[in-house]
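The structure file my_file-v7.pdb is reproduced below (PDB, C-alpha atoms, pLDDT in the B column).
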```pdb
ATOM      1  CA  MET A   1      -2.064  -2.583 -38.879  1.00 63.00           C
ATOM      2  CA  SER A   2      -1.674  -2.531 -35.115  1.00 82.00           C
ATOM      3  CA  ALA A   3      -1.301  -5.785 -33.160  1.00 95.00           C
ATOM      4  CA  THR A   4      -4.198  -7.077 -31.102  1.00 97.00           C
ATOM      5  CA  ILE A   5      -3.750  -7.025 -27.336  1.00 98.00           C
ATOM      6  CA  ARG A   6      -5.725  -9.326 -25.060  1.00 97.00           C
ATOM      7  CA  ILE A   7      -5.803 -10.455 -21.451  1.00 96.00           C
ATOM      8  CA  PRO A   8      -4.073 -13.833 -21.100  1.00 93.00           C
ATOM      9  CA  ASP A   9      -6.296 -16.678 -19.927  1.00 90.00           C
ATOM     10  CA  HIS A  10      -4.254 -17.078 -16.735  1.00 87.00           C
ATOM     11  CA  VAL A  11      -4.915 -13.489 -15.592  1.00 91.00           C
ATOM     12  CA  LYS A  12      -8.040 -12.635 -13.606  1.00 90.00           C
ATOM     13  CA  TYR A  13      -8.819  -9.271 -12.041  1.00 93.00           C
ATOM     14  CA  ARG A  14     -11.398  -7.459  -9.998  1.00 92.00           C
ATOM     15  CA  ARG A  15     -12.105  -3.912  -8.954  1.00 94.00           C
ATOM     16  CA  GLU A  16     -11.905  -3.063  -5.253  1.00 93.00           C
ATOM     17  CA  ALA A  17     -13.043   0.078  -3.388  1.00 90.00           C
ATOM     18  CA  GLU A  18     -10.073   2.276  -4.345  1.00 88.00           C
ATOM     19  CA  SER A  19      -7.815  -0.103  -6.231  1.00 92.00           C
ATOM     20  CA  GLY A  20      -7.934  -3.493  -7.875  1.00 93.00           C
ATOM     21  CA  LEU A  21      -6.536  -7.000  -7.652  1.00 89.00           C
ATOM     22  CA  VAL A  22      -4.858  -9.008 -10.385  1.00 91.00           C
ATOM     23  CA  TYR A  23      -4.492 -12.746  -9.883  1.00 86.00           C
ATOM     24  CA  ASP A  24      -1.888 -14.499 -12.015  1.00 81.00           C
ATOM     25  CA  HIS A  25      -2.098 -18.286 -11.990  1.00 74.00           C
ATOM     26  CA  GLU A  26      -0.053 -19.190 -15.058  1.00 65.00           C
ATOM     27  CA  ASN A  27       1.272 -22.375 -13.457  1.00 60.00           C
ATOM     28  CA  TYR A  28      -2.224 -23.470 -12.381  1.00 59.00           C
ATOM     29  CA  GLY A  29      -1.069 -24.258  -8.872  1.00 59.00           C
ATOM     30  CA  TYR A  30      -2.305 -22.156  -5.989  1.00 61.00           C
ATOM     31  CA  GLU A  31       1.110 -22.277  -4.353  1.00 65.00           C
ATOM     32  CA  ASP A  32       2.587 -20.690  -7.492  1.00 68.00           C
ATOM     33  CA  ALA A  33      -0.101 -18.044  -7.926  1.00 76.00           C
ATOM     34  CA  SER A  34       0.596 -14.348  -7.527  1.00 83.00           C
ATOM     35  CA  LEU A  35      -1.841 -11.718  -6.311  1.00 85.00           C
ATOM     36  CA  TYR A  36      -1.086  -8.061  -7.015  1.00 89.00           C
ATOM     37  CA  GLU A  37      -2.792  -4.953  -5.724  1.00 92.00           C
ATOM     38  CA  VAL A  38      -3.011  -2.534  -8.637  1.00 95.00           C
ATOM     39  CA  SER A  39      -4.287   0.964  -9.292  1.00 95.00           C
ATOM     40  CA  GLU A  40      -7.764   1.675 -10.608  1.00 95.00           C
ATOM     41  CA  THR A  41      -6.128   2.686 -13.884  1.00 96.00           C
ATOM     42  CA  VAL A  42      -4.808  -0.843 -14.419  1.00 97.00           C
ATOM     43  CA  VAL A  43      -8.307  -2.257 -13.880  1.00 96.00           C
ATOM     44  CA  ASP A  44      -9.661   0.413 -16.266  1.00 97.00           C
ATOM     45  CA  VAL A  45      -7.219  -0.770 -18.943  1.00 98.00           C
ATOM     46  CA  LEU A  46      -8.088  -4.440 -18.393  1.00 97.00           C
ATOM     47  CA  GLU A  47     -11.809  -3.661 -18.635  1.00 97.00           C
ATOM     48  CA  PHE A  48     -11.208  -1.580 -21.767  1.00 98.00           C
ATOM     49  CA  VAL A  49      -9.232  -4.394 -23.413  1.00 98.00           C
ATOM     50  CA  GLY A  50     -11.912  -6.993 -22.651  1.00 93.00           C
ATOM     51  CA  ASP A  51     -11.641  -9.839 -25.165  1.00 92.00           C
ATOM     52  CA  GLY A  52      -9.108  -7.930 -27.233  1.00 97.00           C
ATOM     53  CA  ARG A  53      -8.446  -4.565 -28.862  1.00 97.00           C
ATOM     54  CA  ARG A  54      -5.911  -3.109 -31.217  1.00 98.00           C
ATOM     55  CA  ARG A  55      -2.822  -1.856 -29.440  1.00 97.00           C
ATOM     56  CA  ASP A  56      -3.094   1.606 -30.970  1.00 97.00           C
ATOM     57  CA  GLU A  57      -6.643   1.984 -29.573  1.00 97.00           C
ATOM     58  CA  ILE A  58      -5.458   1.148 -26.067  1.00 98.00           C
ATOM     59  CA  GLU A  59      -2.419   3.424 -26.335  1.00 98.00           C
ATOM     60  CA  ARG A  60      -4.590   6.277 -27.584  1.00 97.00           C
ATOM     61  CA  GLU A  61      -6.996   5.867 -24.651  1.00 97.00           C
ATOM     62  CA  TYR A  62      -4.278   5.427 -22.000  1.00 98.00           C
ATOM     63  CA  SER A  63      -0.572   5.628 -22.885  1.00 96.00           C
ATOM     64  CA  PRO A  64       2.017   3.594 -24.779  1.00 97.00           C
ATOM     65  CA  SER A  65       4.199   3.325 -21.670  1.00 98.00           C
ATOM     66  CA  LEU A  66       1.343   1.943 -19.547  1.00 98.00           C
ATOM     67  CA  VAL A  67       0.441  -0.624 -22.202  1.00 98.00           C
ATOM     68  CA  GLU A  68       4.085  -1.676 -22.471  1.00 98.00           C
ATOM     69  CA  ARG A  69       4.361  -2.027 -18.673  1.00 97.00           C
ATOM     70  CA  LEU A  70       1.264  -4.236 -18.558  1.00 97.00           C
ATOM     71  CA  VAL A  71       2.620  -6.394 -21.386  1.00 97.00           C
ATOM     72  CA  ASP A  72       5.966  -6.652 -19.551  1.00 96.00           C
ATOM     73  CA  ARG A  73       4.129  -7.717 -16.368  1.00 94.00           C
ATOM     74  CA  ASN A  74       2.194 -10.323 -18.406  1.00 92.00           C
ATOM     75  CA  PHE A  75      -1.147  -8.723 -17.519  1.00 95.00           C
ATOM     76  CA  LEU A  76      -1.657  -8.223 -21.280  1.00 97.00           C
ATOM     77  CA  GLU A  77      -0.344 -10.130 -24.282  1.00 97.00           C
ATOM     78  CA  THR A  78       0.010  -9.541 -28.006  1.00 95.00           C
ATOM     79  CA  GLN A  79      -1.802 -11.900 -30.349  1.00 89.00           C
TER      80      GLN A  79
END
```
How does the structure come out when it is put into structure tokens?
Amino acid sequence: MSATIRIPDHVKYRREAESGLVYDHENYGYEDASLYEVSETVVDVLEFVGDGRRRDEIEREYSPSLVERLVDRNFLETQ
């Protein structure tokens, strides 16, 4: 069975006109927060994942390499 992927609690995102923003506040201090401008595809993946989906579903819809990159960036995590 494929692992479940979810969005970590410390990651927030929003869609912009032609891109998106991901806000990472893992340390819970504004001075330590990171804000990233990301492609629409990244926001699409985050919206698709929602509260959690099986990794194979996400990889089938997008790509294994994209999922792995988002896990490496800590935008997604394995449960």
- At most 9 Å from (-7.7, -0.8, -11.9), file frame, all atoms listed in the file: which residues, as a PyMOL selection string? chain A and resi 13-16+18-22+37-47
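For the set A:Gly52, A:Lys12, A:Asp24, A:Ser34, the residue with the smallest atom-to-atom gap to Thr78 in chain A is A:Gly52, counting all atoms listed in the file.
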- Task: Enter the distance from CA of Thr4 in chain A to CA of Asp56 in chain A, in Å, rounded to one decimal.
- Result: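 Value for the CA of Thr4 in chain A-CA of Asp56 in chain A distance: 8.8 Å.
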Tell me which protein, DNA and RNA residues are within 10 Å of Val67 in chain A, counting all atoms listed in the file, leaving out same-chain ones fewer than 2 positions away, and put them as a PDB file with C-alpha atoms, keeping the file's coordinate frame.
```pdb
ATOM      1  CA  ILE A   5      -3.750  -7.025 -27.336  1.00 98.00           C
ATOM      2  CA  VAL A  42      -4.808  -0.843 -14.419  1.00 97.00           C
ATOM      3  CA  VAL A  45      -7.219  -0.770 -18.943  1.00 98.00           C
ATOM      4  CA  ARG A  55      -2.822  -1.856 -29.440  1.00 97.00           C
ATOM      5  CA  ASP A  56      -3.094   1.606 -30.970  1.00 97.00           C
ATOM      6  CA  ILE A  58      -5.458   1.148 -26.067  1.00 98.00           C
ATOM      7  CA  GLU A  59      -2.419   3.424 -26.335  1.00 98.00           C
ATOM      8  CA  TYR A  62      -4.278   5.427 -22.000  1.00 98.00           C
ATOM      9  CA  SER A  63      -0.572   5.628 -22.885  1.00 96.00           C
ATOM     10  CA  PRO A  64       2.017   3.594 -24.779  1.00 97.00           C
ATOM     11  CA  SER A  65       4.199   3.325 -21.670  1.00 98.00           C
ATOM     12  CA  ARG A  69       4.361  -2.027 -18.673  1.00 97.00           C
ATOM     13  CA  LEU A  70       1.264  -4.236 -18.558  1.00 97.00           C
ATOM     14  CA  VAL A  71       2.620  -6.394 -21.386  1.00 97.00           C
ATOM     15  CA  ASP A  72       5.966  -6.652 -19.551  1.00 96.00           C
ATOM     16  CA  ARG A  73       4.129  -7.717 -16.368  1.00 94.00           C
ATOM     17  CA  PHE A  75      -1.147  -8.723 -17.519  1.00 95.00           C
ATOM     18  CA  LEU A  76      -1.657  -8.223 -21.280  1.00 97.00           C
ATOM     19  CA  GLU A  77      -0.344 -10.130 -24.282  1.00 97.00           C
TER      20      GLU A  77
END
```
- Item | Separation of CA of Tyr36 in chain A from CA of Ile7 in chain A in Å | 15.4 Å
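When CA of Ala33 in chain A is paired with CA of Ala3 in chain A, their separation reads 28.1 Å.
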Extending 6 Å beyond the listed atoms of range 34-47 of chain A on each side, what axis-aligned box results? I want centre and edge lengths in Å to one decimal, as JSON.
```
{"center_x": -5.6, "center_y": -5.8, "center_z": -12.3, "size_x": 24.4, "size_y": 29.0, "size_z": 25.2}
```
